[in-house]
>>> print(open('entry-v9.cif').read())   # mmCIF, C-alpha atoms and all ligand atoms
data_target
loop_
_atom_site.label_atom_id
_atom_site.label_comp_id
_atom_site.auth_asym_id
_atom_site.auth_seq_id
_atom_site.Cartn_x
_atom_site.Cartn_y
_atom_site.Cartn_z
CA MET A 1 -32.10 0.18 19.40
CA SER A 2 -35.73 -0.05 20.37
CA THR A 3 -38.19 0.57 17.64
CA ALA A 4 -40.84 3.22 17.40
CA SER A 5 -44.25 1.96 16.44
CA ASP A 6 -44.92 2.64 12.85
CA GLY A 7 -47.38 0.56 10.98
CA ARG A 8 -47.81 2.92 8.08
CA ALA A 9 -48.64 1.47 4.75
CA ALA A 10 -46.11 2.18 2.04
CA PRO A 11 -47.13 5.13 -0.12
CA ALA A 12 -46.89 4.41 -3.82
CA PRO A 13 -43.67 5.63 -5.39
CA SER A 14 -44.17 9.04 -6.95
CA PRO A 15 -44.99 8.60 -10.61
CA ASN A 16 -43.36 11.94 -11.42
CA SER A 17 -40.03 11.81 -9.70
CA TYR A 18 -37.59 9.44 -8.05
CA ARG A 19 -35.89 12.45 -6.48
CA MET A 20 -38.72 13.62 -4.22
CA GLY A 21 -38.06 11.32 -1.28
CA PRO A 22 -38.07 10.89 1.58
CA ASP A 23 -41.50 11.95 2.91
CA GLU A 24 -41.70 14.08 6.05
CA HIS A 25 -41.27 11.02 8.29
CA GLY A 26 -38.15 9.97 6.45
CA PHE A 27 -39.69 7.16 4.45
CA PHE A 28 -38.75 6.08 0.95
CA GLY A 29 -41.80 3.93 0.24
CA MET A 30 -41.76 1.38 3.08
CA PHE A 31 -38.04 1.91 3.80
CA GLY A 32 -36.17 4.36 6.01
CA GLY A 33 -37.96 6.18 8.83
CA ARG A 34 -36.54 6.79 12.29
CA PHE A 35 -36.80 3.82 14.58
CA VAL A 36 -34.96 5.20 17.57
CA ALA A 37 -35.20 5.28 21.35
CA GLU A 38 -37.49 8.04 22.63
CA THR A 39 -34.54 9.78 24.27
CA LEU A 40 -32.90 10.18 20.88
CA MET A 41 -35.94 11.67 19.20
CA PRO A 42 -35.43 15.32 20.29
CA LEU A 43 -31.86 15.18 18.95
CA ILE A 44 -32.95 13.77 15.66
CA LEU A 45 -35.61 16.47 15.30
CA GLU A 46 -33.10 19.19 16.18
CA LEU A 47 -30.73 17.84 13.56
CA GLU A 48 -33.47 17.62 10.95
CA GLU A 49 -34.44 21.23 11.49
CA ALA A 50 -30.85 22.49 11.52
CA TYR A 51 -30.09 20.67 8.30
CA ALA A 52 -33.26 21.91 6.58
CA GLU A 53 -32.19 25.48 7.38
CA ALA A 54 -28.55 25.00 6.42
CA LYS A 55 -29.57 23.46 3.12
CA LYS A 56 -31.42 26.63 2.13
CA ASP A 57 -28.71 28.98 3.41
CA PRO A 58 -26.52 30.32 0.57
CA GLU A 59 -23.71 31.04 3.05
CA PHE A 60 -23.62 27.42 4.22
CA GLN A 61 -23.56 26.21 0.62
CA ALA A 62 -20.83 28.69 -0.31
CA GLU A 63 -18.66 27.61 2.62
CA LEU A 64 -19.11 23.94 1.69
CA LYS A 65 -18.21 24.68 -1.92
CA ARG A 66 -15.11 26.55 -0.82
CA LEU A 67 -13.97 23.59 1.32
CA ASN A 68 -14.77 21.12 -1.45
CA THR A 69 -12.63 23.12 -3.85
CA HIS A 70 -9.66 24.11 -1.73
CA TYR A 71 -9.53 21.41 0.94
CA ALA A 72 -10.88 18.24 -0.70
CA GLY A 73 -9.70 19.02 -4.24
CA ARG A 74 -13.03 19.07 -6.11
CA PRO A 75 -14.17 18.83 -8.80
CA SER A 76 -12.57 15.43 -9.28
CA PRO A 77 -11.78 14.68 -12.94
CA LEU A 78 -14.01 12.64 -15.25
CA TYR A 79 -11.41 10.50 -16.99
CA TYR A 80 -11.81 8.52 -20.22
CA ALA A 81 -10.30 5.09 -19.47
CA GLU A 82 -9.11 4.52 -23.01
CA ARG A 83 -7.05 1.38 -22.58
CA LEU A 84 -9.66 -0.39 -20.46
CA THR A 85 -12.28 0.56 -23.06
CA GLN A 86 -10.07 -0.81 -25.85
CA HIS A 87 -9.34 -4.00 -23.92
CA LEU A 88 -13.03 -4.74 -23.37
CA ARG A 89 -13.82 -3.98 -27.03
CA GLU A 90 -11.24 -6.58 -28.03
CA ILE A 91 -12.87 -9.09 -25.70
CA ALA A 92 -16.23 -8.30 -27.28
CA ALA A 93 -14.76 -8.67 -30.78
CA SER A 94 -13.21 -12.03 -29.88
CA LYS A 95 -16.76 -13.24 -29.16
CA GLY A 96 -18.02 -11.86 -32.45
CA LEU A 97 -19.72 -8.90 -30.75
CA LYS A 98 -19.49 -5.29 -31.89
CA GLY A 99 -19.91 -3.92 -28.36
CA GLY A 100 -17.72 -2.17 -25.86
CA ALA A 101 -19.05 0.92 -24.10
CA LYS A 102 -16.88 4.01 -23.77
CA ILE A 103 -15.76 3.92 -20.13
CA TYR A 104 -15.20 6.95 -17.95
CA PHE A 105 -13.97 6.96 -14.34
CA LYS A 106 -15.20 9.58 -11.91
CA ARG A 107 -11.95 10.12 -10.04
CA ASP A 108 -13.13 10.53 -6.44
CA GLU A 109 -10.11 8.51 -5.31
CA LEU A 110 -8.12 11.71 -5.85
CA ASN A 111 -9.92 13.52 -3.03
CA HIS A 112 -8.10 14.45 0.15
CA THR A 113 -7.97 11.33 2.39
CA GLY A 114 -8.36 9.08 -0.64
CA SER A 115 -12.08 8.52 -1.08
CA HIS A 116 -15.52 10.10 -1.35
CA LYS A 117 -15.96 10.02 2.46
CA ILE A 118 -14.60 13.55 2.83
CA ASN A 119 -17.56 14.98 0.83
CA ASN A 120 -19.94 13.95 3.59
CA CYS A 121 -17.65 14.78 6.52
CA LEU A 122 -17.12 18.36 5.35
CA GLY A 123 -20.87 18.90 5.09
CA GLN A 124 -21.56 17.44 8.52
CA ILE A 125 -18.73 19.23 10.35
CA LEU A 126 -20.05 22.54 9.04
CA LEU A 127 -23.49 21.59 10.29
CA ALA A 128 -22.12 20.56 13.70
CA GLN A 129 -20.37 23.90 14.00
CA ARG A 130 -23.50 25.76 12.98
CA MET A 131 -25.46 23.88 15.66
CA GLY A 132 -22.91 24.92 18.28
CA LYS A 133 -21.82 21.35 19.04
CA THR A 134 -18.44 20.97 20.69
CA ARG A 135 -17.79 17.22 20.55
CA ILE A 136 -17.89 14.89 17.55
CA ILE A 137 -18.46 11.14 17.54
CA ALA A 138 -18.49 8.65 14.68
CA GLU A 139 -18.50 4.92 13.93
CA THR A 140 -16.02 3.30 11.60
CA GLY A 141 -15.46 -0.18 10.18
CA ALA A 142 -12.32 -0.33 8.10
CA GLY A 143 -11.33 3.07 9.43
CA GLN A 144 -11.79 5.12 6.26
CA HIS A 145 -14.71 7.10 7.65
CA GLY A 146 -12.93 7.41 11.00
CA VAL A 147 -9.91 8.95 9.28
CA ALA A 148 -12.10 11.38 7.31
CA VAL A 149 -13.91 12.43 10.52
CA ALA A 150 -10.64 12.81 12.46
CA THR A 151 -9.36 14.92 9.55
CA VAL A 152 -12.24 17.42 9.55
CA CYS A 153 -12.17 17.55 13.37
CA ALA A 154 -8.47 18.49 13.25
CA ARG A 155 -9.32 21.13 10.66
CA TYR A 156 -12.05 22.61 12.89
CA GLY A 157 -10.31 22.10 16.22
CA LEU A 158 -13.08 19.89 17.64
CA PRO A 159 -12.41 16.90 19.92
CA CYS A 160 -13.56 13.62 18.43
CA GLU A 161 -14.14 10.06 19.54
CA ILE A 162 -14.32 7.24 17.05
CA PHE A 163 -16.13 3.98 17.87
CA MET A 164 -14.53 1.00 16.21
CA GLY A 165 -15.13 -2.71 16.74
CA ALA A 166 -12.26 -4.34 18.67
CA THR A 167 -11.78 -6.86 15.87
CA ASP A 168 -11.48 -4.03 13.36
CA VAL A 169 -9.05 -2.09 15.59
CA GLU A 170 -6.80 -5.13 15.40
CA ARG A 171 -7.27 -5.63 11.63
CA GLN A 172 -6.89 -1.98 10.59
CA LYS A 173 -3.86 -0.76 12.52
CA PRO A 174 -2.62 1.82 9.99
CA ASN A 175 -5.96 3.66 10.04
CA VAL A 176 -6.15 3.50 13.85
CA PHE A 177 -2.71 5.12 13.95
CA ARG A 178 -3.77 7.79 11.43
CA MET A 179 -6.80 8.69 13.55
CA LYS A 180 -4.61 8.99 16.64
CA LEU A 181 -2.11 11.20 14.81
CA LEU A 182 -5.01 13.43 13.79
CA GLY A 183 -5.94 13.79 17.45
CA ALA A 184 -8.93 11.43 17.69
CA LYS A 185 -9.67 9.09 20.57
CA VAL A 186 -10.38 5.59 19.28
CA ASN A 187 -12.78 3.52 21.42
CA ALA A 188 -12.51 -0.22 20.81
CA VAL A 189 -16.00 -1.78 21.01
CA THR A 190 -15.98 -5.33 22.37
CA SER A 191 -19.71 -6.13 22.20
CA GLY A 192 -21.04 -8.49 19.52
CA ALA A 193 -18.46 -9.54 16.97
CA GLY A 194 -16.54 -6.32 17.48
CA THR A 195 -17.20 -4.97 14.00
CA LEU A 196 -18.98 -2.07 12.30
CA LYS A 197 -22.53 -2.94 13.39
CA ASP A 198 -21.44 -2.96 17.05
CA ALA A 199 -19.49 0.27 16.65
CA MET A 200 -22.60 1.98 15.27
CA ASN A 201 -24.76 0.72 18.15
CA GLU A 202 -22.20 2.09 20.61
CA ALA A 203 -22.03 5.47 18.86
CA LEU A 204 -25.83 5.77 18.99
CA ARG A 205 -25.69 4.91 22.69
CA ASP A 206 -23.03 7.56 23.33
CA TRP A 207 -25.13 10.12 21.48
CA VAL A 208 -28.12 9.51 23.78
CA THR A 209 -25.94 9.93 26.88
CA ASN A 210 -24.19 13.08 25.68
CA VAL A 211 -27.20 14.76 24.15
CA ARG A 212 -26.28 18.37 24.74
CA ASN A 213 -22.87 18.95 23.21
CA THR A 214 -22.37 16.02 20.84
CA TYR A 215 -22.81 15.70 17.09
CA TYR A 216 -22.78 12.23 15.49
CA ILE A 217 -21.27 12.09 11.96
CA ILE A 218 -22.68 8.94 10.32
CA GLY A 219 -20.49 7.66 7.49
CA THR A 220 -22.95 6.36 4.93
CA ALA A 221 -26.44 7.03 3.59
CA ALA A 222 -28.05 4.95 6.37
CA GLY A 223 -29.25 5.43 9.95
CA PRO A 224 -32.39 7.27 11.10
CA HIS A 225 -33.89 10.13 9.09
CA PRO A 226 -32.51 12.72 8.23
CA TYR A 227 -29.12 10.99 7.79
CA PRO A 228 -29.84 8.99 4.62
CA ALA A 229 -31.12 12.09 2.77
CA MET A 230 -28.49 14.41 4.24
CA VAL A 231 -25.54 12.16 3.42
CA ARG A 232 -26.99 11.66 -0.06
CA ASP A 233 -27.20 15.41 -0.56
CA PHE A 234 -23.57 15.92 0.46
CA GLN A 235 -22.45 13.08 -1.82
CA SER A 236 -24.58 14.24 -4.75
CA VAL A 237 -21.78 16.61 -5.69
CA ILE A 238 -20.36 13.52 -7.45
CA GLY A 239 -23.32 13.09 -9.81
CA GLN A 240 -23.78 16.82 -10.33
CA GLU A 241 -20.18 17.14 -11.47
CA VAL A 242 -20.55 14.11 -13.75
CA ARG A 243 -23.56 15.74 -15.42
CA GLU A 244 -21.63 18.90 -16.20
CA GLN A 245 -18.41 17.13 -17.10
CA MET A 246 -20.09 14.66 -19.45
CA LEU A 247 -22.03 17.43 -21.19
CA GLU A 248 -18.74 19.18 -21.73
CA ALA A 249 -16.85 16.07 -22.87
CA GLU A 250 -19.52 14.44 -25.06
CA GLY A 251 -22.29 16.98 -25.41
CA ARG A 252 -24.84 14.71 -23.75
CA LEU A 253 -25.66 12.78 -20.59
CA PRO A 254 -24.12 9.38 -19.82
CA ASP A 255 -26.06 6.22 -20.77
CA THR A 256 -24.90 3.95 -17.95
CA LEU A 257 -23.79 4.48 -14.35
CA VAL A 258 -22.04 1.92 -12.15
CA ALA A 259 -21.00 2.21 -8.48
CA CYS A 260 -20.17 -0.16 -5.62
CA ILE A 261 -22.38 -0.40 -2.54
CA GLY A 262 -21.43 -0.73 1.10
CA GLY A 263 -23.98 1.42 2.89
CA GLY A 264 -24.59 3.09 -0.45
CA SER A 265 -23.32 6.67 -0.09
CA ASN A 266 -20.94 6.92 -3.04
CA ALA A 267 -23.50 5.15 -5.22
CA ILE A 268 -26.46 7.34 -4.29
CA GLY A 269 -24.21 10.39 -4.71
CA LEU A 270 -23.55 9.41 -8.32
CA PHE A 271 -27.06 8.14 -9.06
CA HIS A 272 -29.32 10.72 -7.51
CA PRO A 273 -28.94 13.57 -10.03
CA PHE A 274 -29.79 11.04 -12.80
CA LEU A 275 -32.73 9.17 -11.25
CA ASP A 276 -35.27 11.13 -13.27
CA GLU A 277 -33.44 10.59 -16.56
CA PRO A 278 -35.28 7.48 -17.79
CA ASN A 279 -32.69 6.73 -20.47
CA VAL A 280 -29.84 6.45 -17.97
CA LYS A 281 -29.30 2.81 -16.93
CA ILE A 282 -28.09 2.45 -13.35
CA TYR A 283 -26.23 -0.42 -11.63
CA GLY A 284 -25.37 -0.78 -7.94
CA VAL A 285 -22.76 -3.46 -7.24
CA GLU A 286 -22.84 -5.34 -3.94
CA ALA A 287 -20.09 -7.47 -2.41
CA GLY A 288 -20.75 -11.08 -3.40
CA GLY A 289 -17.85 -12.39 -1.26
CA TYR A 290 -17.45 -16.16 -1.73
CA GLY A 291 -20.74 -16.27 -3.65
CA LEU A 292 -24.39 -15.49 -2.92
CA ASP A 293 -25.07 -19.20 -2.34
CA VAL A 294 -22.56 -19.39 0.54
CA PRO A 295 -24.40 -18.83 3.85
CA ASN A 296 -22.98 -15.73 5.60
CA GLY A 297 -20.30 -15.64 2.92
CA HIS A 298 -21.17 -12.33 1.28
CA SER A 299 -22.27 -8.78 2.07
CA ALA A 300 -25.01 -8.42 -0.52
CA SER A 301 -27.87 -6.99 1.58
CA ILE A 302 -30.25 -6.56 -1.34
CA ASN A 303 -29.37 -9.65 -3.36
CA GLY A 304 -28.98 -11.90 -0.32
CA GLY A 305 -30.87 -10.21 2.52
CA LYS A 306 -34.41 -9.36 3.69
CA PRO A 307 -36.12 -6.23 4.99
CA GLY A 308 -35.81 -5.51 8.71
CA VAL A 309 -34.94 -2.72 11.13
CA LEU A 310 -31.38 -1.84 12.18
CA HIS A 311 -29.65 1.38 13.22
CA GLY A 312 -32.80 3.43 13.16
CA ASN A 313 -34.19 2.57 9.73
CA ARG A 314 -36.04 -0.14 7.84
CA THR A 315 -34.07 -1.58 4.95
CA TYR A 316 -32.63 -4.77 3.47
CA LEU A 317 -30.43 -6.58 5.99
CA LEU A 318 -28.25 -9.67 6.15
CA GLN A 319 -30.10 -11.77 8.72
CA THR A 320 -31.00 -15.26 9.78
CA ASP A 321 -34.55 -16.58 9.44
CA ASP A 322 -35.27 -15.47 13.01
CA GLY A 323 -33.91 -11.98 12.50
CA GLN A 324 -30.37 -12.20 13.94
CA ILE A 325 -28.07 -9.83 12.05
CA LEU A 326 -25.31 -11.66 10.20
CA GLU A 327 -21.72 -10.46 9.93
CA GLY A 328 -21.37 -11.20 6.26
CA HIS A 329 -18.08 -11.30 4.41
CA SER A 330 -16.23 -9.35 1.75
CA ILE A 331 -12.60 -9.09 0.69
CA SER A 332 -13.22 -5.37 0.97
CA ALA A 333 -13.55 -4.10 4.54
CA GLY A 334 -15.50 -1.05 3.35
CA LEU A 335 -18.30 -3.14 1.86
CA ASP A 336 -19.10 -5.48 4.73
CA TYR A 337 -21.90 -3.51 6.38
CA PRO A 338 -24.89 -5.84 7.01
CA GLY A 339 -27.39 -3.25 5.71
CA ILE A 340 -27.84 -0.78 2.90
CA GLY A 341 -29.19 2.77 2.80
CA PRO A 342 -33.02 2.82 2.68
CA GLU A 343 -33.19 4.84 -0.54
CA HIS A 344 -31.43 1.97 -2.33
CA ALA A 345 -33.93 -0.49 -0.88
CA TRP A 346 -36.68 1.65 -2.39
CA LEU A 347 -34.90 2.06 -5.74
CA LYS A 348 -34.66 -1.72 -5.83
CA GLU A 349 -38.40 -2.12 -5.09
CA THR A 350 -39.36 0.41 -7.75
CA GLY A 351 -37.02 -1.21 -10.24
CA ARG A 352 -35.27 2.07 -11.09
CA VAL A 353 -31.80 0.73 -10.20
CA ASN A 354 -30.38 -2.73 -10.96
CA TYR A 355 -28.57 -4.31 -8.03
CA VAL A 356 -26.02 -6.98 -8.88
CA ALA A 357 -23.24 -8.74 -6.95
CA VAL A 358 -19.60 -9.43 -7.72
CA THR A 359 -17.39 -11.97 -5.92
CA ASP A 360 -14.08 -11.38 -4.11
CA LYS A 361 -12.29 -13.18 -6.92
CA GLU A 362 -13.83 -11.07 -9.66
CA ALA A 363 -13.03 -7.87 -7.77
CA LEU A 364 -9.42 -8.96 -7.31
CA GLU A 365 -9.07 -9.61 -11.04
CA ALA A 366 -10.56 -6.21 -11.89
CA PHE A 367 -8.20 -4.59 -9.38
CA GLN A 368 -5.20 -6.01 -11.23
CA LEU A 369 -6.56 -5.25 -14.69
CA CYS A 370 -7.17 -1.59 -13.89
CA THR A 371 -3.79 -1.19 -12.22
CA LYS A 372 -1.94 -2.61 -15.24
CA LEU A 373 -4.02 -0.99 -17.99
CA GLU A 374 -4.69 2.45 -16.56
CA GLY A 375 -1.96 3.04 -13.99
CA ILE A 376 -4.62 3.58 -11.35
CA ILE A 377 -4.63 1.37 -8.24
CA PRO A 378 -8.30 1.23 -7.23
CA ALA A 379 -9.55 0.48 -3.74
CA LEU A 380 -11.07 -3.00 -3.40
CA GLU A 381 -14.52 -1.40 -3.02
CA PRO A 382 -14.69 0.21 -6.49
CA SER A 383 -12.90 -2.88 -7.86
CA HIS A 384 -16.32 -4.51 -7.40
CA ALA A 385 -17.89 -1.85 -9.62
CA LEU A 386 -15.06 -2.34 -12.10
CA ALA A 387 -15.63 -6.09 -12.22
CA HIS A 388 -19.22 -5.46 -13.18
CA VAL A 389 -18.12 -2.94 -15.81
CA CYS A 390 -15.91 -5.69 -17.29
CA LYS A 391 -18.99 -7.91 -17.68
CA LEU A 392 -21.35 -5.19 -18.80
CA ALA A 393 -19.35 -3.01 -21.20
CA PRO A 394 -18.82 -5.69 -23.91
CA THR A 395 -22.61 -6.19 -24.09
CA LEU A 396 -23.28 -2.48 -24.67
CA PRO A 397 -22.85 -0.64 -27.98
CA GLN A 398 -19.63 1.34 -28.52
CA SER A 399 -21.65 4.54 -28.47
CA ASP A 400 -22.75 3.86 -24.88
CA LEU A 401 -21.19 6.34 -22.43
CA LEU A 402 -20.54 4.52 -19.17
CA VAL A 403 -19.44 6.21 -15.94
CA MET A 404 -18.00 4.22 -13.06
CA ASN A 405 -17.38 5.83 -9.70
CA MET A 406 -13.73 5.32 -8.74
CA CYS A 407 -14.63 6.15 -5.15
CA GLY A 408 -11.35 5.25 -3.44
CA ARG A 409 -7.69 4.59 -4.01
CA GLY A 410 -6.09 1.24 -3.31
CA ASP A 411 -3.06 2.16 -1.20
CA LYS A 412 -4.86 0.92 1.91
CA ASP A 413 -5.56 -2.46 0.27
CA ILE A 414 -2.15 -3.52 -0.99
CA PHE A 415 -1.56 -5.76 2.05
CA THR A 416 -4.85 -7.59 1.54
CA VAL A 417 -4.15 -7.99 -2.16
CA ALA A 418 -0.62 -9.29 -1.54
CA GLU A 419 -2.02 -11.89 0.83
CA HIS A 420 -4.68 -13.05 -1.62
CA LEU A 421 -2.28 -13.24 -4.52
CA GLY A 422 0.26 -15.10 -2.37
CA MET A 423 2.85 -12.40 -3.05
CA LYS A 424 5.57 -11.27 -0.66
CA MET A 425 5.81 -7.55 0.07
C1 LIG A 501 -16.46 3.40 2.84
C2 LIG A 501 -16.20 3.10 1.44
C3 LIG A 501 -17.17 2.49 0.61
C4 LIG A 501 -18.51 2.03 1.12
O1 LIG A 501 -19.35 3.04 1.52
P1 LIG A 501 -20.58 3.59 0.66
O2 LIG A 501 -21.35 4.35 1.64
O3 LIG A 501 -21.32 2.43 0.09
O4 LIG A 501 -20.01 4.44 -0.41
C5 LIG A 501 -16.88 2.30 -0.71
N1 LIG A 501 -15.70 2.66 -1.23
C6 LIG A 501 -14.74 3.26 -0.49
C7 LIG A 501 -13.47 3.63 -1.14
C8 LIG A 501 -14.95 3.49 0.87
O5 LIG A 501 -13.99 4.06 1.60
#
>>> encode(input="entry-v9.cif", output="structure tokens", more="lines below")
Ligand SMILES: *Cc1c(COP(=O)(O)O)cnc(C)c1O
Amino acid sequence: MSTASDGRAAPAPSPNSYRMGPDEHGFFGMFGGRFVAETLMPLILELEEAYAEAKKDPEFQAELKRLNTHYAGRPSPLYYAERLTQHLREIAASKGLKGGAKIYFKRDELNHTGSHKINNCLGQILLAQRMGKTRIIAETGAGQHGVAVATVCARYGLPCEIFMGATDVERQKPNVFRMKLLGAKVNAVTSGAGTLKDAMNEALRDWVTNVRNTYYIIGTAAGPHPYPAMVRDFQSVIGQEVREQMLEAEGRLPDTLVACIGGGSNAIGLFHPFLDEPNVKIYGVEAGGYGLDVPNGHSASINGGKPGVLHGNRTYLLQTDDGQILEGHSISAGLDYPGIGPEHAWLKETGRVNYVAVTDKEALEAFQLCTKLEGIIPALEPSHALAHVCKLAPTLPQSDLLVMNMCGRGDKDIFTVAEHLGMKM
């Protein structure tokens, strides 16, 4: 997309609150904004206004709550992972340490369609309906967001077109079939490498051409303003529930939060309600792939990328020295987006959140450990968060209450896992 001129200096982060952002232009410090073609601007402004009104409307909020409860299955449980906790305490003890945090899983993998994606799609389909839009478009990489969009479109009887890179269409056949069953049209995008970045470019292009009737449901907390803030708001139900559930379970707030990061929507959803609690330690876990030192061998935009502009916002991106966007790599299809939501970029700059990376191999080990110890097959995405929990928990005191976002279930990943473990199915 072409870029709007915007040479604004970064305002200092608010000393009072990490939850105030973005500013009226959509900036979190120097990140975010809306770098879009002029033709897209009226649409973006219309969306911003419609969302600002919906957000304040008790009827909109009540309808969303009703859908979250009866359609998606919220609230998702906050589960004490007792055997994993015990296992990591034994590891700590074997090293002569007294540590081993008490580990809870936020069970968003139990949602309808198997991940947190539905939280955002329900919010946006209600908004689309409210705006009188009659056609829905979306981008998808691995197909999880595409399936969630096709699901809510079926529920609301709206036609939908999903843009998906041709390479991904080939790699993710079961999800392509699901989308078709749900009534969606899947457009294979052949430009570029035929992956998520190209699908998102194509969806933005479609939006400009079909201005009048079309609503674009973006799948993560990225894109031009107001998407990063809006998607965050819809996903914040995760963190709000954790607050209440932890107060009920333990009588106090958690000490540590951990979530995996693709574009960053499940993570910001968990983190945001806690950003202004200075005693809560927060970790975002990026996909370290083959290792951060392997060129183009990971998807760690913050730990291995640089700031730039893509898909309508300024943020950390995987790119070459001359600014070409890199494809990156992760064992987990849902984590290999070359960017990250702008609010995370800002939380990294301000130091409020710690961003770490975990390799494919570590995630695969955590996947197996969780499956065997807890009887929960995690998606490969949250297996990254789990792998970091396995490193972190033994170093924390036993009184530390740690919450990890189990943002997706692993049914979709069993083929990938079988291949990596050299097992026959
Ligand atoms: C899509 C997806 C992700 C990555 O997206 P975020 O916006 O970073 O949350 C992570 N986990 C699961 C299970 C997903 O489906």
>>> closest_residue(input="entry-v9.cif", among="A:Gly141, A:Pro159, A:Gly29, A:Gly422", to="A:Arg171", atoms="all atoms listed in the file")
A:Gly141
>>> residues_near_ligand(input="entry-v9.cif", ligand="ligand LIG 501 (chain A)", cutoff="7 Å", atoms="all atoms listed in the file", output="PyMOL selection string")
chain A and resi 115-117+144-145+219-221+260-267+334-335+379+381-382+407-409
>>> residues_near_point(input="entry-v9.cif", point="(-28.1, 13.9, 1.4)", cutoff="10 Å", atoms="only C-alpha atoms", output="mmCIF file with C-alpha atoms, keeping the file's coordinate frame")
data_model
loop_
_atom_site.group_PDB
_atom_site.id
_atom_site.type_symbol
_atom_site.label_atom_id
_atom_site.label_comp_id
_atom_site.auth_asym_id
_atom_site.auth_seq_id
_atom_site.Cartn_x
_atom_site.Cartn_y
_atom_site.Cartn_z
ATOM 1 C CA TYR A 51 -30.090 20.670 8.300
ATOM 2 C CA LYS A 55 -29.570 23.460 3.120
ATOM 3 C CA ASN A 120 -19.940 13.950 3.590
ATOM 4 C CA GLY A 123 -20.870 18.900 5.090
ATOM 5 C CA THR A 220 -22.950 6.360 4.930
ATOM 6 C CA ALA A 221 -26.440 7.030 3.590
ATOM 7 C CA PRO A 226 -32.510 12.720 8.230
ATOM 8 C CA TYR A 227 -29.120 10.990 7.790
ATOM 9 C CA PRO A 228 -29.840 8.990 4.620
ATOM 10 C CA ALA A 229 -31.120 12.090 2.770
ATOM 11 C CA MET A 230 -28.490 14.410 4.240
ATOM 12 C CA VAL A 231 -25.540 12.160 3.420
ATOM 13 C CA ARG A 232 -26.990 11.660 -0.060
ATOM 14 C CA ASP A 233 -27.200 15.410 -0.560
ATOM 15 C CA PHE A 234 -23.570 15.920 0.460
ATOM 16 C CA GLN A 235 -22.450 13.080 -1.820
ATOM 17 C CA SER A 236 -24.580 14.240 -4.750
ATOM 18 C CA VAL A 237 -21.780 16.610 -5.690
ATOM 19 C CA SER A 265 -23.320 6.670 -0.090
ATOM 20 C CA ILE A 268 -26.460 7.340 -4.290
ATOM 21 C CA GLY A 269 -24.210 10.390 -4.710
ATOM 22 C CA HIS A 272 -29.320 10.720 -7.510
#
>>> residues_near_point(input="entry-v9.cif", point="(-10.3, 1.0, -24.6)", cutoff="12 Å", atoms="all atoms listed in the file", output="list of chain:residue names")
A:Tyr80, A:Ala81, A:Glu82, A:Arg83, A:Leu84, A:Thr85, A:Gln86, A:His87, A:Leu88, A:Arg89, A:Glu90, A:Ile91, A:Ala92, A:Gly99, A:Gly100, A:Ala101, A:Lys102, A:Ile103, A:Tyr104, A:Cys370, A:Leu373, A:Glu374, A:Cys390, A:Ala393, A:Pro394, A:Gln398
>>> closest_residue(input="entry-v9.cif", among="A:Val36, A:Ala184, A:Val258, A:Ile218", to="A:Leu310", atoms="all atoms listed in the file")
A:Val36
>>> atom_distance(input="entry-v9.cif", atom1="atom CA of A:Ser330", atom2="atom CA of A:Leu318")
12.8 Å
>>> residues_around(input="entry-v9.cif", residues="A:Glu277", least_positions_apart="2", cutoff="12 Å", atoms="all atoms listed in the file", output="ChimeraX atom specification")
/A:16-19,243,252-257,271-275,279-282,352-353
>>> atom_distance(input="entry-v9.cif", atom1="atom CA of A:Arg107", atom2="atom CA of A:Gln245")
11.9 Å
>>> closest_residue(input="entry-v9.cif", among="A:Phe177, A:Ala333, A:Ile118, A:Gly33", to="A:Asn68", atoms="all atoms listed in the file")
A:Ile118
>>> closest_residue(input="entry-v9.cif", among="A:Arg66, A:His225, A:Lys133, A:Lys95", to="A:His311", atoms="all atoms listed in the file")
A:His225
>>> closest_residue(input="entry-v9.cif", among="A:Thr39, A:Gln61, A:Thr395, A:Ser76", to="A:Arg205", atoms="all atoms listed in the file")
A:Thr39
>>> residues_around(input="entry-v9.cif", residues="A:Thr140", least_positions_apart="5", cutoff="8 Å", atoms="all atoms listed in the file", output="mmCIF file with C-alpha atoms, keeping the file's coordinate frame")
data_model
loop_
_atom_site.group_PDB
_atom_site.id
_atom_site.type_symbol
_atom_site.label_atom_id
_atom_site.label_comp_id
_atom_site.auth_asym_id
_atom_site.auth_seq_id
_atom_site.Cartn_x
_atom_site.Cartn_y
_atom_site.Cartn_z
ATOM 1 C CA HIS A 145 -14.710 7.100 7.650
ATOM 2 C CA GLY A 146 -12.930 7.410 11.000
ATOM 3 C CA ILE A 162 -14.320 7.240 17.050
ATOM 4 C CA PHE A 163 -16.130 3.980 17.870
ATOM 5 C CA MET A 164 -14.530 1.000 16.210
ATOM 6 C CA GLY A 165 -15.130 -2.710 16.740
ATOM 7 C CA LEU A 196 -18.980 -2.070 12.300
ATOM 8 C CA ALA A 199 -19.490 0.270 16.650
ATOM 9 C CA MET A 200 -22.600 1.980 15.270
ATOM 10 C CA GLY A 219 -20.490 7.660 7.490
#
>>> residues_around(input="entry-v9.cif", residues="stretch 149-158 of chain A", least_positions_apart="2", cutoff="7 Å", atoms="all atoms listed in the file", output="ChimeraX atom specification")
/A:121-122,125,134-136,145-147,160,179,182-184
>>> closest_residue(input="entry-v9.cif", among="A:Leu402, A:Leu364, A:Gly297, A:Ala54", to="A:Ala418", atoms="all atoms listed in the file")
A:Leu364
>>> atom_distance(input="entry-v9.cif", atom1="atom CA of A:Glu46", atom2="atom CA of A:Val309")
22.6 Å
>>> residues_around(input="entry-v9.cif", residues="A:Ala166", least_positions_apart="3", cutoff="8 Å", atoms="all atoms listed in the file", output="VMD selection string")
chain A and resid 169 to 170 188 to 190 194 to 195
